[in-house]
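See below for run-v2.cif, which holds mmCIF, C-alpha atoms.
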data_data
#
loop_
_atom_site.label_atom_id
_atom_site.label_comp_id
_atom_site.auth_asym_id
_atom_site.auth_seq_id
_atom_site.Cartn_x
_atom_site.Cartn_y
_atom_site.Cartn_z
CA MET A 1 20.26 -242.81 -155.26
CA LEU A 2 20.50 -246.41 -156.46
CA SER A 3 21.08 -248.72 -153.51
CA HIS A 4 20.84 -252.27 -154.89
CA LEU A 5 21.32 -254.19 -158.14
CA LYS A 6 20.79 -257.83 -159.00
CA LEU A 7 21.07 -259.53 -162.41
CA ASP A 8 20.11 -263.10 -163.31
CA ASN A 9 21.07 -264.79 -166.62
CA PHE A 10 22.09 -261.40 -168.05
CA LYS A 11 24.87 -261.66 -170.65
CA ILE A 12 27.89 -263.21 -168.89
CA TRP A 13 26.17 -263.26 -165.49
CA ARG A 14 24.37 -266.35 -164.21
CA THR A 15 23.69 -264.16 -161.20
CA THR A 16 25.38 -261.25 -159.52
CA GLY A 17 23.68 -261.89 -156.22
CA PRO A 18 22.47 -258.82 -154.32
CA LEU A 19 24.87 -255.97 -155.04
CA ARG A 20 25.01 -252.99 -152.65
CA LEU A 21 25.46 -249.71 -154.49
CA ALA A 22 27.02 -246.94 -152.42
CA GLN A 23 27.50 -243.22 -152.90
CA LEU A 24 30.77 -244.17 -154.62
CA THR A 25 30.92 -247.65 -156.17
CA LEU A 26 34.01 -249.00 -157.93
CA LEU A 27 33.87 -251.96 -160.33
CA LEU A 28 37.34 -253.44 -160.73
CA GLY A 29 38.62 -256.57 -162.42
CA THR A 30 39.90 -258.26 -165.52
CA ASN A 31 39.02 -257.44 -169.13
CA SER A 32 35.80 -258.91 -170.60
CA SER A 33 34.77 -260.11 -167.15
CA GLY A 34 31.29 -258.53 -166.99
CA LYS A 35 31.90 -255.15 -165.36
CA SER A 36 30.33 -253.19 -168.22
CA SER A 37 27.27 -255.47 -168.22
CA LEU A 38 26.38 -254.17 -164.76
CA ILE A 39 26.20 -250.63 -166.08
CA GLN A 40 24.50 -251.72 -169.32
CA SER A 41 21.59 -253.25 -167.39
CA LEU A 42 20.70 -249.86 -165.90
CA LEU A 43 21.04 -248.11 -169.27
CA LEU A 44 18.86 -250.81 -170.84
CA ILE A 45 15.98 -250.10 -168.47
CA ARG A 46 16.51 -246.35 -168.84
CA GLN A 47 16.22 -246.46 -172.63
CA THR A 48 13.21 -248.78 -172.34
CA VAL A 49 11.13 -246.53 -170.09
CA LYS A 50 12.11 -243.48 -172.17
CA SER A 51 11.22 -245.20 -175.45
CA ASP A 52 8.50 -243.63 -177.62
CA ASP A 53 7.06 -247.08 -178.43
CA PRO A 54 4.48 -248.10 -175.77
CA ASN A 55 4.38 -251.69 -177.08
CA ILE A 56 8.05 -252.42 -176.39
CA ASP A 57 8.85 -254.45 -173.27
CA LEU A 58 12.64 -254.16 -173.39
CA ASN A 59 14.40 -251.82 -175.80
CA LEU A 60 17.53 -253.76 -176.70
CA GLY A 61 18.72 -250.90 -178.92
CA ASN A 62 18.60 -250.11 -182.61
CA PRO A 63 22.04 -250.46 -184.25
CA ASP A 64 20.97 -248.10 -187.05
CA ASN A 65 20.87 -245.31 -184.47
CA ASP A 66 24.66 -245.61 -184.18
CA TYR A 67 24.80 -244.10 -187.66
CA GLY A 68 22.75 -241.03 -186.86
CA ILE A 69 19.34 -242.40 -187.88
CA GLY A 70 16.84 -241.25 -185.26
CA LYS A 71 17.59 -240.95 -181.55
CA ALA A 72 20.71 -242.85 -180.46
CA ASP A 73 20.32 -245.60 -177.88
CA SER A 74 22.75 -245.81 -174.98
CA VAL A 75 23.31 -249.54 -175.52
CA THR A 76 22.66 -251.88 -178.45
CA LEU A 77 22.58 -255.47 -177.24
CA GLY A 78 21.20 -257.35 -180.24
CA GLN A 79 18.35 -259.84 -179.75
CA PHE A 80 17.00 -261.63 -176.71
CA GLN A 81 19.26 -264.65 -177.24
CA ASP A 82 22.28 -262.31 -177.26
CA VAL A 83 21.35 -261.02 -173.80
CA LEU A 84 20.41 -264.38 -172.26
CA CYS A 85 23.43 -265.91 -170.51
CA ARG A 86 24.80 -268.84 -172.54
CA SER A 87 25.29 -270.73 -169.29
CA ALA A 88 21.93 -269.67 -167.89
CA SER A 89 20.58 -271.61 -164.93
CA ALA A 90 17.41 -271.52 -162.87
CA SER A 91 17.37 -269.67 -159.54
CA PRO A 92 14.65 -269.19 -156.92
CA SER A 93 13.65 -265.95 -158.64
CA THR A 94 14.44 -266.55 -162.34
CA PRO A 95 13.90 -269.57 -164.67
CA ALA A 96 16.80 -270.62 -166.90
CA ASN A 97 15.12 -269.30 -170.06
CA GLN A 98 14.59 -265.79 -168.66
CA ILE A 99 16.71 -262.80 -167.69
CA GLY A 100 16.13 -260.87 -164.49
CA ILE A 101 16.95 -257.23 -163.74
CA GLU A 102 16.31 -255.79 -160.31
CA PHE A 103 17.32 -252.55 -158.61
CA ARG A 104 16.27 -250.40 -155.69
CA TRP A 105 16.44 -246.65 -155.28
CA GLN A 106 15.91 -244.15 -152.48
CA GLU A 107 14.74 -240.61 -153.04
CA ASP A 108 16.36 -239.69 -149.71
CA PRO A 109 19.69 -241.47 -149.09
CA ALA A 110 19.12 -241.12 -145.34
CA SER A 111 15.82 -243.03 -145.58
CA THR A 112 15.62 -246.77 -144.91
CA GLU A 113 12.66 -247.12 -147.27
CA SER A 114 13.40 -247.87 -150.91
CA SER A 115 11.47 -248.40 -154.11
CA LEU A 116 11.89 -251.58 -156.14
CA PHE A 117 12.02 -252.38 -159.85
CA SER A 118 12.17 -256.13 -160.39
CA ALA A 119 11.46 -257.62 -163.82
CA ARG A 120 11.89 -260.89 -165.68
CA TYR A 121 11.88 -261.28 -169.45
CA ARG A 122 11.39 -264.27 -171.76
CA LYS A 123 11.90 -264.67 -175.51
CA GLY A 124 9.10 -263.00 -177.43
CA ALA A 125 8.07 -262.73 -181.05
CA GLY A 126 10.87 -262.17 -183.57
CA SER A 127 13.61 -262.66 -180.94
CA SER A 128 12.36 -259.68 -178.94
CA ALA A 129 12.13 -259.67 -175.15
CA GLU A 130 8.69 -260.16 -173.60
CA LEU A 131 7.85 -259.18 -170.04
CA ASP A 132 7.07 -262.19 -167.84
CA TYR A 133 6.94 -260.58 -164.39
CA LEU A 134 7.18 -257.09 -162.93
CA ARG A 135 7.15 -255.77 -159.39
CA LEU A 136 7.29 -252.00 -159.14
CA GLY A 137 6.69 -249.98 -156.01
CA LYS A 138 7.54 -249.31 -152.39
CA GLY A 139 6.03 -251.18 -149.46
CA LEU A 140 2.23 -251.27 -149.88
CA GLN A 141 2.42 -248.94 -152.85
CA GLY A 142 2.84 -250.10 -156.40
CA PHE A 143 1.85 -253.28 -158.18
CA THR A 144 2.86 -256.70 -159.50
CA VAL A 145 1.98 -258.18 -162.88
CA GLN A 146 2.49 -261.78 -163.99
CA ARG A 147 2.17 -263.07 -167.55
CA LYS A 148 -0.45 -265.83 -167.74
CA LYS A 149 -0.35 -266.36 -171.48
CA ALA A 150 0.72 -264.36 -174.52
CA GLY A 151 -0.52 -260.78 -174.06
CA ILE A 152 -2.55 -261.56 -170.91
CA TYR A 153 -1.34 -260.44 -167.47
CA GLN A 154 -2.61 -260.79 -163.93
CA LEU A 155 -2.52 -257.61 -161.86
CA ASN A 156 -1.99 -257.42 -158.11
CA ILE A 157 -2.10 -254.19 -156.12
CA ALA A 158 0.47 -254.32 -153.32
CA SER A 159 -2.08 -253.41 -150.63
CA LYS A 160 -4.61 -256.07 -151.75
CA ARG A 161 -4.47 -259.79 -151.07
CA LYS A 162 -6.44 -260.88 -154.12
CA PRO A 163 -5.59 -260.14 -157.76
CA LEU A 164 -7.72 -257.63 -159.62
CA GLY A 165 -8.02 -260.05 -162.50
CA GLN A 166 -6.40 -260.94 -165.81
CA SER A 167 -6.54 -258.84 -168.95
CA ALA A 168 -4.61 -257.68 -172.00
CA ASP A 169 -5.05 -254.17 -170.52
CA PHE A 170 -2.85 -255.19 -167.57
CA ARG A 171 0.24 -255.53 -169.79
CA PRO A 172 2.46 -252.60 -168.73
CA GLU A 173 3.72 -250.23 -171.40
CA ARG A 174 7.53 -250.10 -171.63
CA SER A 175 7.76 -252.36 -168.56
CA PHE A 176 6.59 -249.77 -166.08
CA ALA A 177 3.34 -247.89 -166.78
CA PHE A 178 -0.32 -248.39 -167.67
CA SER A 179 -2.29 -246.49 -170.27
CA ALA A 180 -4.58 -243.66 -169.16
CA ALA A 181 -7.59 -245.75 -170.17
CA THR A 182 -6.49 -248.65 -167.93
CA LEU A 183 -5.83 -246.35 -164.97
CA ASN A 184 -9.26 -244.76 -165.39
CA ALA A 185 -10.88 -248.21 -165.51
CA LEU A 186 -9.09 -249.22 -162.29
CA GLY A 187 -10.76 -246.37 -160.40
CA VAL A 188 -9.66 -246.12 -156.76
CA HIS A 189 -7.15 -248.95 -157.25
CA ALA A 190 -5.16 -246.73 -159.60
CA ASP A 191 -4.11 -244.48 -156.71
CA ALA A 192 -1.69 -247.16 -155.48
CA ILE A 193 0.17 -247.31 -158.81
CA ARG A 194 -0.29 -243.90 -160.41
CA GLU A 195 2.76 -242.21 -158.84
CA ILE A 196 5.36 -244.99 -159.04
CA GLY A 197 5.85 -244.66 -162.80
CA PRO A 198 6.85 -240.97 -162.68
CA GLU A 199 9.13 -241.75 -159.70
CA LEU A 200 10.98 -244.38 -161.76
CA LEU A 201 11.24 -242.02 -164.72
CA ASP A 202 12.61 -239.31 -162.47
CA GLU A 203 15.22 -241.62 -160.93
CA LEU A 204 16.45 -242.99 -164.26
CA GLY A 205 16.39 -239.46 -165.67
CA ARG A 206 19.04 -238.54 -163.09
CA ILE A 207 21.59 -240.82 -164.78
CA ILE A 208 24.55 -239.26 -166.59
CA TYR A 209 26.54 -241.85 -168.52
CA LEU A 210 30.00 -241.66 -170.05
CA GLY A 211 31.17 -244.62 -172.08
CA PRO A 212 34.80 -245.83 -172.29
CA VAL A 213 35.45 -243.94 -175.55
CA ARG A 214 34.61 -240.25 -175.38
CA ARG A 215 34.28 -238.01 -178.44
CA LEU A 216 37.66 -236.91 -179.78
CA ALA A 217 38.44 -233.20 -179.76
CA GLN A 218 37.40 -230.97 -182.67
CA ARG A 219 39.25 -227.89 -183.87
CA ASP A 220 36.17 -225.72 -183.37
CA TYR A 221 32.60 -226.11 -182.18
CA VAL A 222 29.25 -224.63 -183.15
CA TRP A 223 27.67 -223.22 -180.00
CA ALA A 224 23.97 -222.29 -179.93
CA GLY A 225 24.47 -219.66 -177.23
CA ARG A 226 22.93 -221.64 -174.36
CA MET A 227 24.06 -224.13 -171.76
CA PRO A 228 23.15 -227.66 -172.97
CA SER A 229 20.73 -229.66 -170.84
CA HIS A 230 22.94 -232.78 -171.01
CA ILE A 231 26.46 -233.71 -172.12
CA GLY A 232 25.65 -236.88 -174.11
CA ASP A 233 26.70 -240.49 -173.58
CA ASP A 234 29.98 -239.94 -175.46
CA GLY A 235 30.67 -236.59 -173.80
CA ALA A 236 29.98 -234.77 -177.08
CA LYS A 237 28.19 -231.90 -175.32
CA ALA A 238 30.78 -231.52 -172.54
CA ILE A 239 32.78 -229.02 -174.59
CA ASP A 240 29.54 -227.15 -175.44
CA ALA A 241 28.92 -226.85 -171.70
CA LEU A 242 32.49 -225.61 -171.17
CA ILE A 243 32.17 -223.05 -173.97
CA ALA A 244 28.86 -221.79 -172.54
CA SER A 245 30.36 -221.56 -169.08
CA GLY A 246 33.69 -220.14 -170.33
CA ALA A 247 32.10 -217.41 -172.44
CA GLU A 248 30.13 -216.24 -169.41
CA TYR A 249 33.15 -216.62 -167.10
CA GLN A 250 35.37 -214.49 -169.34
CA GLN A 251 32.69 -211.83 -169.75
CA LEU A 252 32.08 -211.57 -166.00
CA LYS A 253 35.81 -211.51 -165.24
CA LYS A 254 36.36 -208.73 -167.77
CA ALA A 255 33.50 -206.72 -166.23
CA LYS A 256 34.80 -207.56 -162.71
CA LYS A 257 31.41 -208.96 -161.71
CA PRO A 258 30.70 -211.89 -159.35
CA LEU A 259 30.66 -215.30 -160.99
CA THR A 260 27.37 -217.09 -161.60
CA LYS A 261 26.76 -220.80 -161.01
CA ALA A 262 27.07 -221.43 -164.76
CA ALA A 263 30.44 -219.65 -164.91
CA GLY A 264 31.58 -221.69 -161.91
CA LEU A 265 31.68 -224.84 -164.07
CA PHE A 266 34.49 -223.33 -166.14
CA GLU A 267 36.40 -222.13 -163.07
CA GLN A 268 36.16 -225.51 -161.34
CA THR A 269 37.20 -227.38 -164.49
CA VAL A 270 40.35 -225.24 -164.68
CA LYS A 271 41.04 -225.98 -161.02
CA TRP A 272 40.92 -229.74 -161.59
CA LEU A 273 43.02 -229.57 -164.76
CA LYS A 274 45.68 -227.75 -162.74
CA GLN A 275 45.43 -230.28 -159.93
CA MET A 276 45.89 -233.11 -162.45
CA ASN A 277 48.90 -231.30 -163.94
CA LEU A 278 47.24 -231.28 -167.36
CA ALA A 279 46.88 -227.53 -167.98
CA ASP A 280 47.35 -224.11 -166.41
CA GLY A 281 44.02 -222.84 -167.72
CA LEU A 282 41.40 -222.75 -170.47
CA GLU A 283 40.38 -220.06 -172.92
CA VAL A 284 37.28 -219.81 -175.12
CA LYS A 285 37.80 -218.00 -178.44
CA GLN A 286 35.06 -216.96 -180.84
CA LEU A 287 35.94 -217.20 -184.53
CA GLY A 288 35.09 -213.74 -185.81
CA ARG A 289 31.41 -213.02 -185.29
CA SER A 290 30.34 -216.56 -186.18
CA ALA A 291 28.72 -219.21 -184.01
CA ARG A 292 31.96 -221.21 -184.05
CA TYR A 293 34.25 -221.31 -181.03
CA GLU A 294 37.63 -222.79 -180.19
CA LEU A 295 38.71 -224.16 -176.83
CA HIS A 296 42.36 -223.49 -176.02
CA ILE A 297 44.41 -225.31 -173.42
CA MET A 298 46.79 -222.94 -171.63
CA ASN A 299 50.26 -224.00 -170.48
CA GLN A 300 53.04 -221.62 -169.36
CA GLY A 301 51.19 -218.63 -170.77
CA GLU A 302 50.65 -220.10 -174.22
CA GLY A 303 47.44 -221.53 -175.63
CA SER A 304 47.00 -224.54 -177.90
CA ASN A 305 43.83 -225.67 -179.61
CA ILE A 306 42.41 -228.69 -177.81
CA LYS A 307 42.82 -230.61 -181.07
CA ASP A 308 46.59 -230.10 -180.86
CA VAL A 309 47.18 -231.37 -177.31
CA GLY A 310 47.34 -234.92 -175.95
CA VAL A 311 44.33 -237.21 -176.20
CA GLY A 312 44.23 -237.49 -172.41
CA VAL A 313 42.90 -233.94 -172.05
CA SER A 314 40.03 -234.49 -174.49
CA GLN A 315 39.18 -237.80 -172.80
CA VAL A 316 39.20 -236.50 -169.22
CA LEU A 317 37.39 -233.19 -169.84
CA PRO A 318 33.98 -234.94 -170.22
CA VAL A 319 34.67 -236.80 -166.96
CA ILE A 320 35.42 -233.58 -165.08
CA VAL A 321 32.48 -231.77 -166.66
CA ALA A 322 30.10 -234.68 -165.94
CA ALA A 323 31.07 -234.64 -162.26
CA LEU A 324 30.71 -230.86 -161.97
CA PHE A 325 27.61 -230.69 -164.22
CA ALA A 326 25.72 -233.20 -162.05
CA GLU A 327 23.16 -231.86 -159.60
CA PRO A 328 22.55 -233.30 -156.10
CA GLY A 329 20.84 -236.66 -156.48
CA HIS A 330 22.25 -237.35 -159.94
CA ILE A 331 23.84 -240.72 -160.72
CA VAL A 332 27.01 -240.61 -162.83
CA LEU A 333 27.99 -243.88 -164.54
CA ILE A 334 31.52 -243.79 -165.98
CA GLU A 335 33.53 -246.44 -167.78
CA GLU A 336 37.33 -246.10 -167.73
CA PRO A 337 37.61 -242.48 -166.55
CA GLU A 338 41.41 -242.92 -166.49
CA SER A 339 41.68 -243.42 -170.26
CA HIS A 340 44.97 -241.93 -171.63
CA LEU A 341 45.87 -240.27 -168.29
CA HIS A 342 49.22 -240.31 -166.51
CA PRO A 343 49.38 -241.76 -162.95
CA LEU A 344 49.09 -238.43 -161.06
CA ALA A 345 45.96 -237.45 -162.99
CA GLN A 346 44.44 -240.87 -162.33
CA SER A 347 45.02 -240.39 -158.60
CA GLU A 348 43.42 -236.95 -158.71
CA LEU A 349 40.33 -238.47 -160.30
CA ALA A 350 39.72 -240.17 -156.94
CA GLU A 351 39.89 -236.74 -155.27
CA LEU A 352 37.37 -235.34 -157.76
CA LEU A 353 34.90 -238.21 -157.39
CA SER A 354 35.09 -238.33 -153.60
CA GLN A 355 34.81 -234.55 -153.17
CA VAL A 356 31.81 -234.17 -155.49
CA SER A 357 30.16 -237.25 -154.01
CA ARG A 358 30.61 -235.98 -150.46
CA GLU A 359 29.87 -232.29 -150.92
CA ARG A 360 27.16 -232.39 -153.59
CA LYS A 361 25.58 -235.79 -152.88
CA VAL A 362 26.20 -237.08 -156.41
CA GLN A 363 26.37 -240.86 -156.77
CA PHE A 364 29.17 -242.38 -158.86
CA ILE A 365 29.31 -245.92 -160.26
CA VAL A 366 32.72 -246.29 -161.90
CA GLU A 367 34.21 -249.14 -163.95
CA THR A 368 37.99 -248.80 -163.85
CA HIS A 369 41.33 -250.60 -164.25
CA SER A 370 43.27 -247.83 -162.52
CA GLU A 371 45.41 -248.88 -159.58
CA HIS A 372 46.27 -245.22 -158.95
CA LEU A 373 42.62 -244.21 -158.61
CA PHE A 374 41.98 -247.16 -156.32
CA ARG A 375 45.04 -246.47 -154.12
CA ARG A 376 44.17 -242.78 -153.69
CA LEU A 377 40.63 -243.73 -152.70
CA GLN A 378 42.09 -246.01 -150.02
CA THR A 379 44.17 -243.09 -148.75
CA LEU A 380 41.13 -240.81 -148.66
CA MET A 381 39.28 -243.35 -146.52
CA ALA A 382 42.27 -243.62 -144.19
CA LYS A 383 42.32 -239.81 -143.89
CA GLU A 384 38.54 -239.88 -143.23
CA ALA A 385 38.02 -237.57 -146.20
CA ILE A 386 35.37 -240.07 -147.25
CA ASP A 387 33.49 -242.50 -145.01
CA ALA A 388 34.13 -246.19 -145.69
CA SER A 389 30.36 -246.83 -145.50
CA ASP A 390 29.89 -244.51 -148.48
CA VAL A 391 32.17 -246.68 -150.64
CA ALA A 392 31.55 -250.10 -152.21
CA MET A 393 34.17 -251.94 -154.26
CA TYR A 394 33.78 -255.11 -156.27
CA PHE A 395 36.30 -257.30 -158.05
CA VAL A 396 34.86 -259.00 -161.13
CA GLU A 397 36.56 -261.94 -162.81
CA ARG A 398 35.67 -264.74 -165.20
CA ASP A 399 34.85 -268.18 -163.88
CA GLY A 400 34.90 -270.26 -167.04
CA LYS A 401 32.11 -268.98 -169.29
CA THR A 402 30.45 -266.86 -166.61
CA ALA A 403 31.33 -263.94 -164.34
CA GLN A 404 32.06 -264.00 -160.65
CA MET A 405 31.63 -261.13 -158.21
CA ARG A 406 33.80 -260.59 -155.16
CA PRO A 407 32.81 -257.77 -152.79
CA LEU A 408 36.02 -256.27 -151.37
CA ALA A 409 35.88 -256.06 -147.59
CA LEU A 410 37.26 -252.67 -146.53
CA ASP A 411 38.10 -251.50 -143.03
CA GLU A 412 37.92 -247.87 -141.87
CA PHE A 413 41.45 -247.30 -143.18
CA GLY A 414 40.54 -248.42 -146.70
CA ARG A 415 42.53 -251.63 -146.37
CA VAL A 416 41.24 -254.65 -148.29
CA LYS A 417 40.79 -257.70 -146.06
CA ASN A 418 40.17 -260.19 -148.88
CA TRP A 419 42.73 -259.10 -151.46
CA PRO A 420 42.40 -261.08 -154.74
CA GLU A 421 45.51 -262.82 -156.03
CA ASP A 422 47.45 -260.63 -158.51
CA PHE A 423 44.80 -257.91 -158.13
CA PHE A 424 46.99 -255.31 -159.85
CA GLY A 425 49.65 -257.68 -161.10
CA ASP A 426 52.54 -259.04 -159.02
CA ALA A 427 54.37 -255.87 -157.92
CA LEU A 428 56.29 -257.69 -155.18
CA GLY A 429 57.34 -260.41 -157.61
CA GLU A 430 58.55 -257.80 -160.12
CA THR A 431 60.63 -256.13 -157.38
CA ARG A 432 62.19 -259.46 -156.39
CA GLU A 433 63.04 -260.25 -160.02
CA GLN A 434 64.64 -256.83 -160.53
CA ALA A 435 66.72 -257.24 -157.35
CA ARG A 436 67.84 -260.70 -158.51
CA LEU A 437 68.93 -259.38 -161.93
CA VAL A 438 70.84 -256.46 -160.33
CA PHE A 439 72.63 -258.92 -158.04
CA GLU A 440 73.58 -261.14 -161.00
CA LYS A 441 74.94 -258.22 -163.05
CA GLN A 442 76.94 -256.81 -160.14
CA THR A 443 78.42 -260.11 -158.98
CA GLY A 444 78.47 -262.11 -162.20
CA LYS A 445 76.82 -264.94 -160.31
CA LYS A 446 73.42 -266.43 -161.02
CA SER A 447 71.21 -266.86 -157.99
#
So, in terms of structure tokens, how does the structure I just supplied come out?
Amino acid sequence: MLSHLKLDNFKIWRTTGPLRLAQLTLLLGTNSSGKSSLIQSLLLIRQTVKSDDPNIDLNLGNPDNDYGIGKADSVTLGQFQDVLCRSASASPSTPANQIGIEFRWQEDPASTESSLFSARYRKGAGSSAELDYLRLGKGLQGFTVQRKKAGIYQLNIASKRKPLGQSADFRPERSFAFSAATLNALGVHADAIREIGPELLDELGRIIYLGPVRRLAQRDYVWAGRMPSHIGDDGAKAIDALIASGAEYQQLKKAKKPLTKAAGLFEQTVKWLKQMNLADGLEVKQLGRSARYELHIMNQGEGSNIKDVGVGVSQVLPVIVAALFAEPGHIVLIEEPESHLHPLAQSELAELLSQVSRERKVQFIVETHSEHLFRRLQTLMAKEAIDASDVAMYFVERDGKTAQMRPLALDEFGRVKNWPEDFFGDALGETREQARLVFEKQTGKKS
């Protein structure tokens, strides 16, 4: 579980300040205010540590991968100067010409001990990003490296007072790990840093991300006959997962056998579609004896190909599947889950997120503009269906050329103590104006 995030001079952010991440974190606010940048920072580090290039310090993304060339990156942010805040300023932890990304995670949410990734980057060769500083570890485990000059780094082991020296070999690969040769040369000192790299990989590998625009529905899908291992950043594999689950569900139902865990994904998806008033059911249909399958949306006993129903269904299915597909300990990052949904369905999204978060210990970090989702979450806290301590909400807005973060103070009833002005528009003002116009029309007098 991610428990803390802090960005310095990152895109629109001079600094976020320390940001508490809860089991369910909502990022609210105005358009182009910096909400997505918070999520992008985590995806940036994830794609860096998973890169196949050991010489890269920060993988800012290859735009060619957007066109199907090689492995697609989750985010493509351009060059270092595109990521450095245009209004960058120095802070106690980060110089004005560097960006800082820091987060903490806990393998056990009940534990008070957390691991830390804290890195700073400067402009490198060819407008790349070059690592300047890295602290990675937990307590007396782990290590710190500091750039002394181009390609040369000083290494400190957390449990030792004095540095182990300076060397080109102490430059971490992909901002987190040392080569096998360097670890072997460190001897007994390597024990303090050998395990932290795999722990970071494991934590970032738990992330499931859904961007604001999910893959549009297709008329039919090629299914390989197995459950996919992931659903993809655009939700492209969510329907594959549903077809795999649905084919097994229908087979077991026909044979009157108990449902498996895999088949349960299909059953639970149908349950949430009903609850959102989007469909009565789902049906998987094989096209002849081919590997192509259709997904039909059932309403009032009749089925329609998913391509022929409203866009809202195709956009919310990956959200539902991502939540149900996630295992305990997974971190689901979602941008605009409410896209193309009617108000009731948006409210039910809060029920889905809170229930999965509570019952299956899945962490959600959600960027949303939905008042209906927010209001239902308040109600769930008031009903004690979700503990207020398991929720964090932030309002993000622009302050000139930079972003500003406002943590929303919530009481045990989900009420906001520091409500921003015109948070969701001026509902009371609209009501007053409507009442005034009704009065004028009925009386013929202007107020």
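The environment of Asn9 in chain A within 9 Å, counting only C-alpha atoms and disregarding residues fewer than 6 places along the same chain, consists of Thr15, Val83, Leu84, Cys85, Arg86, Ser87, Ala88, Ser89, Ala90, Thr94, Pro95, Ala96, Asn97, Gln98, Ile99 and Gly100 of chain A.
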Selected residues written out with C-alpha atoms, as a PDB file, in the frame of the given file:
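This is the output file part.pdb:
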ATOM      1  CA  THR A  15      23.690-264.160-161.200  1.00  0.00           C
ATOM      2  CA  VAL A  83      21.350-261.020-173.800  1.00  0.00           C
ATOM      3  CA  LEU A  84      20.410-264.380-172.260  1.00  0.00           C
ATOM      4  CA  CYS A  85      23.430-265.910-170.510  1.00  0.00           C
ATOM      5  CA  ARG A  86      24.800-268.840-172.540  1.00  0.00           C
ATOM      6  CA  SER A  87      25.290-270.730-169.290  1.00  0.00           C
ATOM      7  CA  ALA A  88      21.930-269.670-167.890  1.00  0.00           C
ATOM      8  CA  SER A  89      20.580-271.610-164.930  1.00  0.00           C
ATOM      9  CA  ALA A  90      17.410-271.520-162.870  1.00  0.00           C
ATOM     10  CA  THR A  94      14.440-266.550-162.340  1.00  0.00           C
ATOM     11  CA  PRO A  95      13.900-269.570-164.670  1.00  0.00           C
ATOM     12  CA  ALA A  96      16.800-270.620-166.900  1.00  0.00           C
ATOM     13  CA  ASN A  97      15.120-269.300-170.060  1.00  0.00           C
ATOM     14  CA  GLN A  98      14.590-265.790-168.660  1.00  0.00           C
ATOM     15  CA  ILE A  99      16.710-262.800-167.690  1.00  0.00           C
ATOM     16  CA  GLY A 100      16.130-260.870-164.490  1.00  0.00           C
TER      17      GLY A 100
END
Evaluate the PyMOL selection byres ((chain A and resi 131) around 6) and report residues as a ChimeraX atom specification: /A:57,121,130,132-133
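Closest to Gln275 in chain A among A:Leu349, A:Leu136, A:Ile157, A:Val321 is A:Leu349, based on only C-alpha atoms.
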All residues 12 Å or closer to Glu173 in chain A, all atoms listed in the file, same chain fewer than 4 positions away omitted, as a list in words: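 Here the answer would be Thr48, Val49, Lys50, Ser51, Asp52, Asp53, Pro54, Asn55, Ile56, Asp57, Leu58, Asn59, Glu130, Leu131, Leu134, Val145, Gly151, Ala168, Asp169, Ala177, Phe178, Ser179, Ala180, Thr182 and Gly197 of chain A.
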Nearest to Phe424 in chain A, chosen from A:Arg14, A:Phe395, A:Lys441, A:Glu248, with only C-alpha atoms counted in the distances: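 The shortest atom-to-atom distance to Phe424 in chain A comes from A:Phe395.
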Who sits within 8 Å of Val319 in chain A, all atoms listed in the file, same chain under 5 positions skipped, as a list in words: Leu210, Gly235, Ile334 and Pro337 of chain A
Atom pair CA of Gly310 in chain A / CA of Val270 in chain A: separation (Å):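 So the answer is 16.4 Å.
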Kindly provide, as lines of an AutoDock Vina configuration file, the centre and edge lengths (Å, one decimal) of an axis-aligned box around all atoms of range 100-117 of chain A given in the file, with 8 Å on each side.
center_x = 15.6
center_y = -250.3
center_z = -154.7
size_x = 24.2
size_y = 37.2
size_z = 35.6
Sphere at (35.0, -245.6, -173.3), radius 8 Å, counting all atoms listed in the file: residues as a count of residues only: 10
Each residue of range 53-154 of chain A with at least one atom at most 10 Å from range 16-24 of chain A should appear once, together with its nearest atom pair and the corresponding distance in Å (one decimal); atoms considered: only C-alpha atoms; ordering: chain, then increasing residue number; output as a tab-separated table.
residue	atom	partner	partner_atom	distance
A:Glu102	CA	A:Pro18	CA	9.1
A:Phe103	CA	A:Leu19	CA	9.0
A:Arg104	CA	A:Leu21	CA	9.3
A:Trp105	CA	A:Leu21	CA	9.6
A:Pro109	CA	A:Gln23	CA	8.9
Could you please take those selected residues and save C-alpha atoms as a PDB file, in the coordinates of the input?
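Result written to part.pdb:
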ATOM      1  CA  GLU A 102      16.310-255.790-160.310  1.00  0.00           C
ATOM      2  CA  PHE A 103      17.320-252.550-158.610  1.00  0.00           C
ATOM      3  CA  ARG A 104      16.270-250.400-155.690  1.00  0.00           C
ATOM      4  CA  TRP A 105      16.440-246.650-155.280  1.00  0.00           C
ATOM      5  CA  PRO A 109      19.690-241.470-149.090  1.00  0.00           C
TER       6      PRO A 109
END
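Going from CA of Arg46 in chain A over to CA of Arg206 in chain A, you cover 10.0 Å.
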CA of Leu408 in chain A to CA of Leu380 in chain A, straight-line distance in Å: 16.5 Å
Output of the PyMOL selection byres ((chain A and resi 29-36) around 6), listed as a count of residues only: 9
